[in-house]
>>> print(open('upload-v1.txt').read())   # compact mmCIF, C-alpha atoms
# COMPACT_ATOMS: atom_id res chain seq x y z
CA MET I 211 12.68 -40.03 -36.59
CA ASP I 212 15.26 -42.11 -38.46
CA MET I 213 13.67 -45.52 -38.92
CA ASP I 214 17.02 -46.97 -40.05
CA ASN I 215 18.14 -46.23 -36.50
CA PRO I 216 14.81 -46.66 -34.59
CA VAL I 217 16.08 -47.23 -31.06
CA GLY I 218 18.35 -44.24 -30.86
CA VAL I 219 21.77 -45.74 -31.65
CA PHE I 220 24.10 -42.76 -31.74
CA VAL I 221 26.23 -42.48 -34.82
CA LYS I 222 29.66 -40.89 -35.30
CA GLY I 223 31.07 -42.23 -32.05
CA LYS I 224 28.40 -40.83 -29.80
CA ALA I 225 27.02 -44.12 -28.44
CA THR I 226 26.97 -44.09 -24.66
CA SER I 227 25.95 -47.69 -23.96
CA HIS I 228 26.28 -51.21 -25.26
CA GLU I 229 22.48 -51.42 -25.11
CA PRO I 230 21.15 -49.46 -28.10
CA ALA I 231 17.71 -48.96 -26.57
CA LEU I 232 19.00 -47.48 -23.32
CA ALA I 233 18.72 -43.83 -24.37
CA MET I 234 15.18 -44.33 -25.60
CA ARG I 235 14.34 -46.31 -22.47
CA ALA I 236 15.75 -43.50 -20.31
CA PHE I 237 13.68 -40.89 -22.17
CA VAL I 238 10.50 -42.96 -21.80
CA ARG I 239 11.05 -43.40 -18.08
CA VAL I 240 11.77 -39.67 -17.56
CA VAL I 241 8.52 -38.80 -19.35
CA GLU I 242 6.52 -41.32 -17.30
CA THR I 243 7.95 -40.25 -13.95
CA ALA I 244 8.31 -36.54 -14.81
CA SER I 245 11.67 -36.68 -13.04
CA PHE I 246 15.27 -37.44 -13.97
CA SER I 247 15.96 -38.55 -10.40
CA ARG I 248 13.06 -41.01 -10.22
CA ALA I 249 13.90 -42.33 -13.69
CA ALA I 250 17.52 -42.84 -12.61
CA ASP I 251 16.41 -44.72 -9.49
CA GLN I 252 14.15 -47.00 -11.50
CA LEU I 253 16.83 -47.69 -14.11
CA ALA I 254 19.54 -48.14 -11.45
CA LEU I 255 21.69 -45.51 -13.16
CA PRO I 256 23.28 -42.26 -11.93
CA ARG I 257 21.11 -39.22 -12.56
CA SER I 258 23.92 -37.66 -14.58
CA THR I 259 23.95 -40.68 -16.89
CA VAL I 260 20.21 -40.47 -17.52
CA SER I 261 20.48 -36.75 -18.21
CA LYS I 262 23.33 -37.31 -20.67
CA LEU I 263 21.46 -40.12 -22.41
CA VAL I 264 18.49 -37.84 -23.04
CA THR I 265 20.73 -34.94 -24.10
CA ASP I 266 22.63 -37.18 -26.52
CA LEU I 267 19.33 -38.47 -27.88
CA GLU I 268 18.20 -34.89 -28.53
CA THR I 269 21.51 -34.18 -30.26
CA HIS I 270 21.18 -37.30 -32.37
CA LEU I 271 17.62 -36.41 -33.42
CA GLY I 272 18.33 -32.71 -33.85
CA ILE I 273 15.27 -31.72 -31.82
CA LYS I 274 14.48 -30.64 -28.29
CA LEU I 275 12.48 -33.35 -26.54
CA MET I 276 12.08 -31.88 -23.05
CA HIS I 277 11.76 -28.59 -21.19
CA ARG I 278 13.82 -28.75 -17.99
CA THR I 279 13.63 -26.48 -14.97
CA THR I 280 14.89 -26.99 -11.42
CA ARG I 281 11.44 -28.26 -10.41
CA THR I 282 9.67 -29.64 -13.47
CA VAL I 283 10.31 -31.76 -16.54
CA THR I 284 7.83 -31.58 -19.42
CA THR I 285 7.90 -32.76 -23.02
CA THR I 286 7.90 -30.49 -26.03
CA ALA I 287 5.34 -31.12 -28.77
CA GLU I 288 8.01 -33.06 -30.64
CA GLY I 289 8.90 -34.91 -27.45
CA SER I 290 5.32 -36.03 -26.93
CA GLU I 291 5.17 -37.33 -30.51
CA TYR I 292 8.52 -39.09 -30.09
CA TYR I 293 7.38 -40.65 -26.81
CA ASN I 294 4.40 -42.27 -28.55
CA HIS I 295 6.81 -43.99 -30.94
CA ALA I 296 9.44 -44.71 -28.31
CA VAL I 297 7.20 -46.41 -25.78
CA ARG I 298 5.98 -48.81 -28.46
CA LEU I 299 9.49 -49.54 -29.75
CA VAL I 300 10.87 -50.19 -26.26
CA ALA I 301 8.06 -52.68 -25.66
CA GLU I 302 8.83 -54.37 -28.99
CA VAL I 303 12.53 -54.63 -28.11
CA ASP I 304 11.61 -56.20 -24.77
CA MET I 305 9.23 -58.57 -26.50
CA ALA I 306 11.94 -59.66 -28.95
CA ASP I 307 14.46 -60.17 -26.14
CA ASN I 308 11.98 -62.16 -24.08
CA ALA I 309 10.93 -64.29 -27.05
CA VAL I 310 14.52 -65.36 -27.68
CA ARG I 311 15.67 -65.63 -24.09
CA GLY I 312 12.46 -67.36 -23.02
CA LYS I 313 13.43 -70.42 -25.01
CA LYS I 314 16.46 -70.92 -22.79
CA LEU I 315 15.84 -69.05 -19.56
CA LYS I 316 13.10 -68.76 -17.00
CA PRO I 317 11.99 -65.22 -16.10
CA ARG I 318 14.51 -63.39 -13.98
CA GLY I 319 15.04 -59.95 -12.50
CA HIS I 320 13.35 -57.74 -9.93
CA LEU I 321 9.67 -56.91 -9.47
CA ARG I 322 8.11 -54.15 -7.37
CA VAL I 323 4.55 -55.07 -6.40
CA ASP I 324 2.13 -53.02 -4.30
CA ALA I 325 -0.88 -54.49 -2.47
CA PRO I 326 -3.44 -53.51 0.18
CA ALA I 327 -2.55 -54.66 3.68
CA LEU I 328 -5.19 -57.36 4.09
CA PHE I 329 -4.56 -58.85 0.66
CA ALA I 330 -0.80 -58.78 1.18
CA ASN I 331 -0.74 -60.22 4.69
CA ARG I 332 -3.59 -62.72 4.51
CA LEU I 333 -3.33 -63.99 0.92
CA LEU I 334 -0.25 -62.95 -1.05
CA ILE I 335 2.59 -63.41 1.45
CA PRO I 336 1.48 -66.94 2.48
CA ALA I 337 1.46 -67.89 -1.23
CA LEU I 338 4.82 -66.32 -2.16
CA PRO I 339 6.91 -69.43 -1.32
CA ASP I 340 5.08 -71.19 -4.17
CA PHE I 341 5.97 -68.35 -6.54
CA HIS I 342 9.60 -68.47 -5.44
CA ARG I 343 9.81 -72.21 -6.01
CA GLU I 344 8.43 -71.78 -9.52
CA TYR I 345 10.46 -68.68 -10.39
CA PRO I 346 13.61 -68.74 -8.24
CA ASP I 347 15.38 -66.09 -10.36
CA VAL I 348 12.72 -63.42 -9.79
CA THR I 349 13.18 -61.20 -6.74
CA LEU I 350 10.26 -59.21 -5.37
CA ALA I 351 9.77 -56.09 -3.28
CA LEU I 352 6.27 -55.88 -1.83
CA GLY I 353 4.84 -52.51 -0.89
CA ILE I 354 2.10 -53.00 1.71
CA SER I 355 -0.31 -50.11 2.07
CA ASP I 356 -3.97 -49.23 1.56
CA ARG I 357 -2.78 -46.03 -0.12
CA THR I 358 -3.28 -45.90 -3.90
CA VAL I 359 0.25 -45.65 -5.26
CA ASN I 360 1.31 -43.85 -8.42
CA ILE I 361 2.41 -46.94 -10.34
CA VAL I 362 4.54 -45.18 -12.93
CA GLY I 363 5.81 -42.34 -10.77
CA GLU I 364 6.87 -44.62 -7.92
CA GLY I 365 8.45 -47.29 -10.08
CA VAL I 366 5.90 -50.00 -9.30
CA ASP I 367 5.60 -52.82 -11.84
CA CYS I 368 2.08 -53.79 -10.83
CA ALA I 369 -0.41 -53.18 -8.05
CA ILE I 370 -3.38 -54.97 -6.53
CA ARG I 371 -6.38 -52.65 -6.42
CA ALA I 372 -9.63 -53.20 -4.54
CA GLY I 373 -12.89 -51.62 -5.65
CA GLU I 374 -13.73 -49.42 -8.59
CA LEU I 375 -10.88 -48.73 -11.01
CA ARG I 376 -10.47 -45.06 -11.89
CA ASP I 377 -7.34 -45.11 -14.10
CA SER I 378 -8.42 -46.32 -17.53
CA SER I 379 -4.87 -46.01 -18.90
CA MET I 380 -3.80 -49.15 -17.03
CA ILE I 381 -4.25 -52.77 -18.04
CA ALA I 382 -6.45 -54.46 -15.42
CA ARG I 383 -7.19 -58.13 -14.91
CA GLN I 384 -9.69 -59.21 -12.28
CA ILE I 385 -8.37 -61.62 -9.65
CA PHE I 386 -11.66 -62.26 -7.84
CA GLU I 387 -14.59 -60.66 -6.02
CA LEU I 388 -14.93 -60.98 -2.25
CA PRO I 389 -18.18 -60.73 -0.23
CA TYR I 390 -18.61 -58.68 2.94
CA VAL I 391 -19.84 -59.65 6.38
CA THR I 392 -21.22 -57.44 9.15
CA CYS I 393 -19.83 -58.56 12.49
CA ALA I 394 -18.82 -57.70 16.05
CA SER I 395 -17.19 -59.40 19.01
CA PRO I 396 -19.23 -61.45 21.52
CA PHE I 397 -18.09 -58.98 24.20
CA TYR I 398 -19.67 -56.05 22.33
CA LEU I 399 -22.88 -57.95 21.54
CA GLY I 400 -23.20 -59.15 25.12
CA ARG I 401 -22.93 -55.58 26.33
CA MET I 402 -24.99 -53.77 23.69
CA GLY I 403 -27.23 -56.47 22.19
CA VAL I 404 -27.69 -57.63 18.62
CA PRO I 405 -29.08 -55.04 16.17
CA ALA I 406 -32.45 -55.98 14.68
CA SER I 407 -32.08 -53.84 11.55
CA PRO I 408 -29.73 -51.33 9.91
CA GLU I 409 -31.80 -48.50 11.40
CA ASP I 410 -31.43 -50.06 14.85
CA LEU I 411 -27.69 -50.23 14.20
CA ARG I 412 -27.63 -46.59 13.14
CA ALA I 413 -29.57 -45.36 16.18
CA ASN I 414 -28.45 -47.60 19.02
CA HIS I 415 -25.03 -49.05 18.32
CA VAL I 416 -21.38 -48.10 18.03
CA LYS I 417 -20.08 -48.41 14.48
CA VAL I 418 -16.54 -49.24 13.34
CA GLY I 419 -15.72 -47.92 9.86
CA TYR I 420 -12.96 -47.42 7.34
CA PHE I 421 -11.65 -44.11 6.00
CA PHE I 422 -9.37 -43.30 3.06
CA ALA I 423 -6.04 -41.84 4.10
CA ALA I 424 -5.65 -39.68 0.99
CA THR I 425 -8.96 -37.85 1.43
CA GLY I 426 -10.11 -38.56 4.98
CA LYS I 427 -13.44 -39.62 3.49
CA SER I 428 -15.27 -42.42 5.30
CA GLU I 429 -16.56 -45.48 3.51
CA PRO I 430 -20.22 -46.03 4.44
CA LEU I 431 -21.67 -49.21 5.87
CA ILE I 432 -24.04 -50.51 3.18
CA PHE I 433 -27.05 -52.78 3.70
CA ASP I 434 -29.30 -54.19 0.96
CA ASN I 435 -31.98 -56.87 1.25
CA GLY I 436 -33.22 -56.72 -2.32
CA MET I 437 -36.07 -54.33 -1.52
CA ASP I 438 -34.49 -51.67 0.71
CA ARG I 439 -31.05 -50.14 0.86
CA CYS I 440 -29.47 -48.32 3.79
CA GLU I 441 -26.15 -46.49 4.04
CA ILE I 442 -24.62 -45.40 7.35
CA ASP I 443 -21.87 -42.79 7.10
CA GLU I 444 -21.32 -41.91 10.74
CA CYS I 445 -18.91 -44.21 12.62
CA GLU I 446 -17.65 -43.63 16.13
CA PHE I 447 -14.38 -45.46 15.40
CA SER I 448 -12.56 -45.85 12.09
CA ALA I 449 -9.21 -46.92 10.65
CA ASN I 450 -7.51 -46.37 7.31
CA GLU I 451 -5.93 -49.84 7.16
CA GLY I 452 -7.71 -53.17 6.96
CA ASN I 453 -5.88 -55.00 9.74
CA GLY I 454 -6.47 -52.16 12.18
CA HIS I 455 -10.12 -52.05 11.20
CA ILE I 456 -10.52 -55.74 12.07
CA GLU I 457 -8.63 -55.32 15.34
CA MET I 458 -11.07 -52.61 16.41
CA MET I 459 -13.92 -55.08 16.08
CA LEU I 460 -11.98 -57.87 17.78
CA VAL I 461 -11.40 -55.77 20.90
CA GLY I 462 -15.11 -54.95 21.15
CA LEU I 463 -15.26 -51.33 20.02
CA GLY I 464 -18.31 -51.82 17.83
CA ILE I 465 -19.97 -53.35 14.76
CA GLY I 466 -18.38 -53.08 11.33
CA GLN I 467 -18.27 -54.51 7.82
CA THR I 468 -15.24 -56.26 6.41
CA LEU I 469 -14.41 -58.91 3.84
CA ARG I 470 -15.55 -62.33 5.00
CA ARG I 471 -12.50 -64.07 3.55
CA PHE I 472 -10.18 -62.19 5.89
CA VAL I 473 -12.18 -62.77 9.10
CA GLN I 474 -13.45 -66.30 8.48
CA PRO I 475 -11.01 -67.76 11.04
CA TYR I 476 -12.38 -65.36 13.68
CA LEU I 477 -15.96 -66.25 12.74
CA ASP I 478 -15.11 -69.96 12.96
CA SER I 479 -13.47 -69.52 16.39
CA GLY I 480 -16.28 -67.33 17.76
CA GLU I 481 -14.02 -64.29 18.24
CA LEU I 482 -16.35 -62.45 15.86
CA VAL I 483 -20.06 -63.04 15.28
CA ALA I 484 -21.96 -62.22 12.07
CA VAL I 485 -25.07 -60.04 12.43
CA LEU I 486 -27.77 -58.76 10.09
CA GLU I 487 -27.04 -61.64 7.68
CA GLU I 488 -30.31 -61.11 5.80
CA TRP I 489 -28.81 -57.81 4.63
CA THR I 490 -25.89 -57.89 2.17
CA ARG I 491 -23.36 -55.51 0.74
CA PRO I 492 -22.16 -55.78 -2.89
CA ALA I 493 -18.99 -57.84 -3.25
CA ILE I 494 -15.80 -55.92 -4.02
CA PRO I 495 -13.59 -56.80 -7.01
CA PHE I 496 -9.80 -57.08 -6.79
CA HIS I 497 -7.69 -56.43 -9.89
CA ILE I 498 -4.02 -56.56 -10.75
CA VAL I 499 -3.12 -53.45 -12.75
CA TYR I 500 0.01 -52.43 -14.64
CA PRO I 501 1.05 -49.95 -17.36
CA PRO I 502 0.42 -51.13 -20.93
CA ASN I 503 4.03 -50.60 -21.99
CA ARG I 504 5.23 -53.18 -19.45
CA HIS I 505 3.01 -56.08 -20.47
CA GLN I 506 5.85 -57.81 -22.34
CA SER I 507 8.11 -58.09 -19.27
CA ALA I 508 8.67 -61.83 -18.85
CA ARG I 509 8.87 -61.60 -15.05
CA LEU I 510 5.74 -59.43 -14.80
CA LYS I 511 3.84 -61.73 -17.15
CA ALA I 512 4.91 -64.72 -15.06
CA PHE I 513 3.79 -63.05 -11.85
CA VAL I 514 0.41 -62.01 -13.27
CA GLU I 515 -0.35 -65.48 -14.63
CA TRP I 516 0.83 -67.14 -11.42
CA LEU I 517 -1.33 -64.80 -9.31
CA LEU I 518 -4.46 -65.43 -11.38
CA GLY I 519 -3.88 -69.18 -11.30
CA ARG I 520 -3.05 -69.24 -7.60
CA PHE I 521 -6.29 -67.57 -6.59
CA GLU I 522 -8.56 -69.21 -9.14
CA GLU I 523 -10.18 -71.25 -6.37
CA VAL I 524 -11.12 -68.01 -4.60
CA ARG I 525 -12.99 -66.88 -7.72
CA VAL I 526 -14.88 -70.18 -7.73
CA GLN I 527 -15.70 -70.03 -4.02
CA ALA I 528 -16.79 -66.39 -4.20
>>> encode(input="upload-v1.txt", output="structure tokens")
Amino acid sequence: MDMDNPVGVFVKGKATSHEPALAMRAFVRVVETASFSRAADQLALPRSTVSKLVTDLETHLGIKLMHRTTRTVTTTAEGSEYYNHAVRLVAEVDMADNAVRGKKLKPRGHLRVDAPALFANRLLIPALPDFHREYPDVTLALGISDRTVNIVGEGVDCAIRAGELRDSSMIARQIFELPYVTCASPFYLGRMGVPASPEDLRANHVKVGYFFAATGKSEPLIFDNGMDRCEIDECEFSANEGNGHIEMMLVGLGIGQTLRRFVQPYLDSGELVAVLEEWTRPAIPFHIVYPPNRHQSARLKAFVEWLLGRFEEVRVQA
């Protein structure tokens, strides 16, 4: 690549934008989303413009960067090599812009954030007015779902993830860990009694569980007292969303495990009652994750630091 023209400025009258890095940015986004249409949506540009930017970039470089069919978009060997340079250069351009603008301006622009339902409804949304007061020029779209989104492919800036992290390509920062509680409604316990042990629960009680929408796989109830460990996979009722899971217990369908933080008001009011408290389940970590090439976004950086600071007391309490 021509390092005298590193961000793809087109010479001989071929420039298509006042922003020199736009063609490179378009190429990077097409590679990451594997789609001209999704890249166009994320860049807020017409698809035809994104296609022309990439074509003009190929013409400028004198190499073919992408194989295009009606259904797929893949990089050539040269395109993959160019992407490795381009993604770094785009991040450096953003970092330079933010360093200069940050001296005069607060972060601004739009963020797309995705979070599990319980985290979003019980923790994040109640705290968002504080974020808005601190960063009034940042707008935010919050995706609320227990589904694991494709961060890059769906144009998400960052996501809150609960549990084990499987995508090592993402930057992850732990927000906190939350402990579990095993509980049921007084109505259920009055009708069926209080279980004396996990085995009693397995054999003689109705269980309320959680299943993953993507796979249909159930999450087991886990009990550990330091000497013995018991896992119960079979649940008579289950939900694939945290609020629905809690509602099933509130209406008396059975005994389940959920995060204590999210049901503490119900435990305090007596609408739910903790059982088998001598048995514990390992706490679950929550992380905020985002692609490494976006870590220099001023608005994303502001949101990440605000989030970690806002819930610091949860880390201490947990």
>>> residues_around(input="upload-v1.txt", residues="region 424-440 of chain I", least_positions_apart="2", cutoff="8 Å", atoms="all atoms listed in the file", output="PDB file with C-alpha atoms, in the frame of the given file")
ATOM      1  CA  ARG I 357      -2.780 -46.030  -0.120  1.00  0.00           C
ATOM      2  CA  PRO I 408     -29.730 -51.330   9.910  1.00  0.00           C
ATOM      3  CA  GLU I 409     -31.800 -48.500  11.400  1.00  0.00           C
ATOM      4  CA  GLY I 419     -15.720 -47.920   9.860  1.00  0.00           C
ATOM      5  CA  TYR I 420     -12.960 -47.420   7.340  1.00  0.00           C
ATOM      6  CA  PHE I 421     -11.650 -44.110   6.000  1.00  0.00           C
ATOM      7  CA  PHE I 422      -9.370 -43.300   3.060  1.00  0.00           C
ATOM      8  CA  ILE I 442     -24.620 -45.400   7.350  1.00  0.00           C
ATOM      9  CA  ASP I 443     -21.870 -42.790   7.100  1.00  0.00           C
ATOM     10  CA  GLU I 444     -21.320 -41.910  10.740  1.00  0.00           C
ATOM     11  CA  GLY I 466     -18.380 -53.080  11.330  1.00  0.00           C
ATOM     12  CA  GLN I 467     -18.270 -54.510   7.820  1.00  0.00           C
ATOM     13  CA  GLU I 488     -30.310 -61.110   5.800  1.00  0.00           C
ATOM     14  CA  TRP I 489     -28.810 -57.810   4.630  1.00  0.00           C
ATOM     15  CA  THR I 490     -25.890 -57.890   2.170  1.00  0.00           C
ATOM     16  CA  ARG I 491     -23.360 -55.510   0.740  1.00  0.00           C
TER      17      ARG I 491
END
>>> closest_residue(input="upload-v1.txt", among="I:Val499, I:Val514, I:Ile494, I:Val260", to="Val359 (chain I)", atoms="all atoms listed in the file")
I:Val499
>>> residues_near_point(input="upload-v1.txt", point="(-13.7, -52.2, 14.9)", cutoff="12 Å", atoms="only C-alpha atoms", output="tab-separated table (two decimals) with C-alpha atoms, keeping the file's coordinate frame")
chain	number	residue	atom	x	y	z
I	392	THR	CA	-21.22	-57.44	9.15
I	393	CYS	CA	-19.83	-58.56	12.49
I	394	ALA	CA	-18.82	-57.70	16.05
I	395	SER	CA	-17.19	-59.40	19.01
I	398	TYR	CA	-19.67	-56.05	22.33
I	416	VAL	CA	-21.38	-48.10	18.03
I	417	LYS	CA	-20.08	-48.41	14.48
I	418	VAL	CA	-16.54	-49.24	13.34
I	419	GLY	CA	-15.72	-47.92	9.86
I	420	TYR	CA	-12.96	-47.42	7.34
I	445	CYS	CA	-18.91	-44.21	12.62
I	446	GLU	CA	-17.65	-43.63	16.13
I	447	PHE	CA	-14.38	-45.46	15.40
I	448	SER	CA	-12.56	-45.85	12.09
I	449	ALA	CA	-9.21	-46.92	10.65
I	450	ASN	CA	-7.51	-46.37	7.31
I	451	GLU	CA	-5.93	-49.84	7.16
I	452	GLY	CA	-7.71	-53.17	6.96
I	453	ASN	CA	-5.88	-55.00	9.74
I	454	GLY	CA	-6.47	-52.16	12.18
I	455	HIS	CA	-10.12	-52.05	11.20
I	456	ILE	CA	-10.52	-55.74	12.07
I	457	GLU	CA	-8.63	-55.32	15.34
I	458	MET	CA	-11.07	-52.61	16.41
I	459	MET	CA	-13.92	-55.08	16.08
I	460	LEU	CA	-11.98	-57.87	17.78
I	461	VAL	CA	-11.40	-55.77	20.90
I	462	GLY	CA	-15.11	-54.95	21.15
I	463	LEU	CA	-15.26	-51.33	20.02
I	464	GLY	CA	-18.31	-51.82	17.83
I	465	ILE	CA	-19.97	-53.35	14.76
I	466	GLY	CA	-18.38	-53.08	11.33
I	467	GLN	CA	-18.27	-54.51	7.82
I	468	THR	CA	-15.24	-56.26	6.41
I	482	LEU	CA	-16.35	-62.45	15.86
>>> residues_around(input="upload-v1.txt", residues="Leu375 (chain I)", least_positions_apart="2", cutoff="10 Å", atoms="all atoms listed in the file", output="VMD selection string")
chain I and resid 371 to 373 377 to 378 380 382 495 to 497 499
>>> residues_around(input="upload-v1.txt", residues="region 337-344 of chain I", least_positions_apart="3", cutoff="8 Å", atoms="all atoms listed in the file", output="short mmCIF file (atom, residue, chain, number, x, y, z; two decimals) with C-alpha atoms, in the coordinates of the input")
data_model
loop_
_atom_site.label_atom_id
_atom_site.label_comp_id
_atom_site.auth_asym_id
_atom_site.auth_seq_id
_atom_site.Cartn_x
_atom_site.Cartn_y
_atom_site.Cartn_z
CA LEU I 333 -3.33 -63.99 0.92
CA LEU I 334 -0.25 -62.95 -1.05
CA ASP I 347 15.38 -66.09 -10.36
CA VAL I 348 12.72 -63.42 -9.79
CA PHE I 513 3.79 -63.05 -11.85
CA TRP I 516 0.83 -67.14 -11.42
CA ARG I 520 -3.05 -69.24 -7.60
#
>>> atom_distance(input="upload-v1.txt", atom1="CA of Ala250 (chain I)", atom2="CA of Ala231 (chain I)")
15.2 Å
>>> closest_residue(input="upload-v1.txt", among="I:Met402, I:Glu522, I:Ala296, I:Val303", to="Asn414 (chain I)", atoms="only C-alpha atoms")
I:Met402
>>> residues_near_point(input="upload-v1.txt", point="(10.8, -42.9, -6.1)", cutoff="7 Å", atoms="only C-alpha atoms", output="MDAnalysis selection string")
chainID I and resid 248 251 363:365
>>> atom_distance(input="upload-v1.txt", atom1="CA of Val264 (chain I)", atom2="CA of Phe237 (chain I)")
5.8 Å
>>> atom_distance(input="upload-v1.txt", atom1="CA of Arg471 (chain I)", atom2="CA of Leu388 (chain I)")
7.0 Å
>>> closest_residue(input="upload-v1.txt", among="I:Ala244, I:Leu299, I:Ala493, I:Ala233", to="Leu267 (chain I)", atoms="only C-alpha atoms")
I:Ala233
>>> closest_residue(input="upload-v1.txt", among="I:Leu486, I:Ala325, I:Val362, I:Met234", to="Tyr293 (chain I)", atoms="only C-alpha atoms")
I:Met234
>>> axis_aligned_box(input="upload-v1.txt", around="region 336-349 of chain I", padding_each_side="5 Å", output="lines of an AutoDock Vina configuration file")
center_x = 8.4
center_y = -66.7
center_z = -4.0
size_x = 23.9
size_y = 21.0
size_z = 22.9
>>> closest_residue(input="upload-v1.txt", among="I:Pro346, I:Ala508, I:Arg235, I:Ala351", to="His295 (chain I)", atoms="all atoms listed in the file")
I:Arg235
>>> residues_around(input="upload-v1.txt", residues="Arg509 (chain I)", least_positions_apart="2", cutoff="7 Å", atoms="all atoms listed in the file", output="list in words")
Pro317, Arg318, Gly319, Val348, Ser507, Lys511, Ala512 and Phe513 of chain I
>>> residues_around(input="upload-v1.txt", residues="region 279-289 of chain I", least_positions_apart="2", cutoff="12 Å", atoms="all atoms listed in the file", output="PyMOL selection string")
chain I and resi 211+234+237-249+261+264+267-268+271-277+291-297
>>> build_atoms(input="upload-v1.txt", residues="region 360-380 of chain I", atoms="N, CA and C atoms", output="PDB file, keeping the file's coordinate frame")
ATOM      1  N   ASN I 360       1.099 -44.266  -7.042  1.00  0.00           N
ATOM      2  CA  ASN I 360       1.310 -43.850  -8.420  1.00  0.00           C
ATOM      3  C   ASN I 360       2.225 -44.888  -9.066  1.00  0.00           C
ATOM      4  N   ILE I 361       1.652 -45.789  -9.844  1.00  0.00           N
ATOM      5  CA  ILE I 361       2.410 -46.940 -10.340  1.00  0.00           C
ATOM      6  C   ILE I 361       3.622 -46.504 -11.142  1.00  0.00           C
ATOM      7  N   VAL I 362       3.428 -45.609 -12.093  1.00  0.00           N
ATOM      8  CA  VAL I 362       4.540 -45.180 -12.930  1.00  0.00           C
ATOM      9  C   VAL I 362       5.505 -44.296 -12.150  1.00  0.00           C
ATOM     10  N   GLY I 363       4.968 -43.302 -11.469  1.00  0.00           N
ATOM     11  CA  GLY I 363       5.810 -42.340 -10.770  1.00  0.00           C
ATOM     12  C   GLY I 363       6.635 -42.938  -9.661  1.00  0.00           C
ATOM     13  N   GLU I 364       6.148 -44.010  -9.035  1.00  0.00           N
ATOM     14  CA  GLU I 364       6.870 -44.620  -7.920  1.00  0.00           C
ATOM     15  C   GLU I 364       7.612 -45.889  -8.325  1.00  0.00           C
ATOM     16  N   GLY I 365       7.667 -46.164  -9.618  1.00  0.00           N
ATOM     17  CA  GLY I 365       8.450 -47.290 -10.080  1.00  0.00           C
ATOM     18  C   GLY I 365       7.889 -48.644  -9.730  1.00  0.00           C
ATOM     19  N   VAL I 366       6.560 -48.731  -9.635  1.00  0.00           N
ATOM     20  CA  VAL I 366       5.900 -50.000  -9.300  1.00  0.00           C
ATOM     21  C   VAL I 366       5.578 -50.740 -10.589  1.00  0.00           C
ATOM     22  N   ASP I 367       5.892 -52.028 -10.640  1.00  0.00           N
ATOM     23  CA  ASP I 367       5.600 -52.820 -11.840  1.00  0.00           C
ATOM     24  C   ASP I 367       4.118 -53.140 -11.950  1.00  0.00           C
ATOM     25  N   CYS I 368       3.502 -53.489 -10.822  1.00  0.00           N
ATOM     26  CA  CYS I 368       2.080 -53.790 -10.830  1.00  0.00           C
ATOM     27  C   CYS I 368       1.528 -53.581  -9.424  1.00  0.00           C
ATOM     28  N   ALA I 369       0.219 -53.416  -9.345  1.00  0.00           N
ATOM     29  CA  ALA I 369      -0.410 -53.180  -8.050  1.00  0.00           C
ATOM     30  C   ALA I 369      -1.722 -53.946  -7.986  1.00  0.00           C
ATOM     31  N   ILE I 370      -2.078 -54.363  -6.783  1.00  0.00           N
ATOM     32  CA  ILE I 370      -3.380 -54.970  -6.530  1.00  0.00           C
ATOM     33  C   ILE I 370      -4.304 -53.841  -6.085  1.00  0.00           C
ATOM     34  N   ARG I 371      -5.437 -53.705  -6.751  1.00  0.00           N
ATOM     35  CA  ARG I 371      -6.380 -52.650  -6.420  1.00  0.00           C
ATOM     36  C   ARG I 371      -7.720 -53.264  -6.052  1.00  0.00           C
ATOM     37  N   ALA I 372      -8.311 -52.751  -4.979  1.00  0.00           N
ATOM     38  CA  ALA I 372      -9.630 -53.200  -4.540  1.00  0.00           C
ATOM     39  C   ALA I 372     -10.652 -52.129  -4.879  1.00  0.00           C
ATOM     40  N   GLY I 373     -11.812 -52.562  -5.380  1.00  0.00           N
ATOM     41  CA  GLY I 373     -12.890 -51.620  -5.650  1.00  0.00           C
ATOM     42  C   GLY I 373     -12.881 -51.109  -7.072  1.00  0.00           C
ATOM     43  N   GLU I 374     -13.564 -50.011  -7.261  1.00  0.00           N
ATOM     44  CA  GLU I 374     -13.730 -49.420  -8.590  1.00  0.00           C
ATOM     45  C   GLU I 374     -12.398 -48.917  -9.118  1.00  0.00           C
ATOM     46  N   LEU I 375     -12.111 -49.201 -10.378  1.00  0.00           N
ATOM     47  CA  LEU I 375     -10.880 -48.730 -11.010  1.00  0.00           C
ATOM     48  C   LEU I 375     -11.132 -47.387 -11.661  1.00  0.00           C
ATOM     49  N   ARG I 376     -10.258 -46.422 -11.371  1.00  0.00           N
ATOM     50  CA  ARG I 376     -10.470 -45.060 -11.890  1.00  0.00           C
ATOM     51  C   ARG I 376      -9.476 -44.710 -12.999  1.00  0.00           C
ATOM     52  N   ASP I 377      -8.363 -45.435 -13.117  1.00  0.00           N
ATOM     53  CA  ASP I 377      -7.340 -45.110 -14.100  1.00  0.00           C
ATOM     54  C   ASP I 377      -7.492 -46.020 -15.311  1.00  0.00           C
ATOM     55  N   SER I 378      -8.151 -45.502 -16.352  1.00  0.00           N
ATOM     56  CA  SER I 378      -8.420 -46.320 -17.530  1.00  0.00           C
ATOM     57  C   SER I 378      -7.193 -46.532 -18.405  1.00  0.00           C
ATOM     58  N   SER I 379      -6.073 -45.846 -18.090  1.00  0.00           N
ATOM     59  CA  SER I 379      -4.870 -46.010 -18.900  1.00  0.00           C
ATOM     60  C   SER I 379      -4.118 -47.290 -18.567  1.00  0.00           C
ATOM     61  N   MET I 380      -4.482 -47.943 -17.468  1.00  0.00           N
ATOM     62  CA  MET I 380      -3.800 -49.150 -17.030  1.00  0.00           C
ATOM     63  C   MET I 380      -4.483 -50.409 -17.568  1.00  0.00           C
TER      64      MET I 380
END
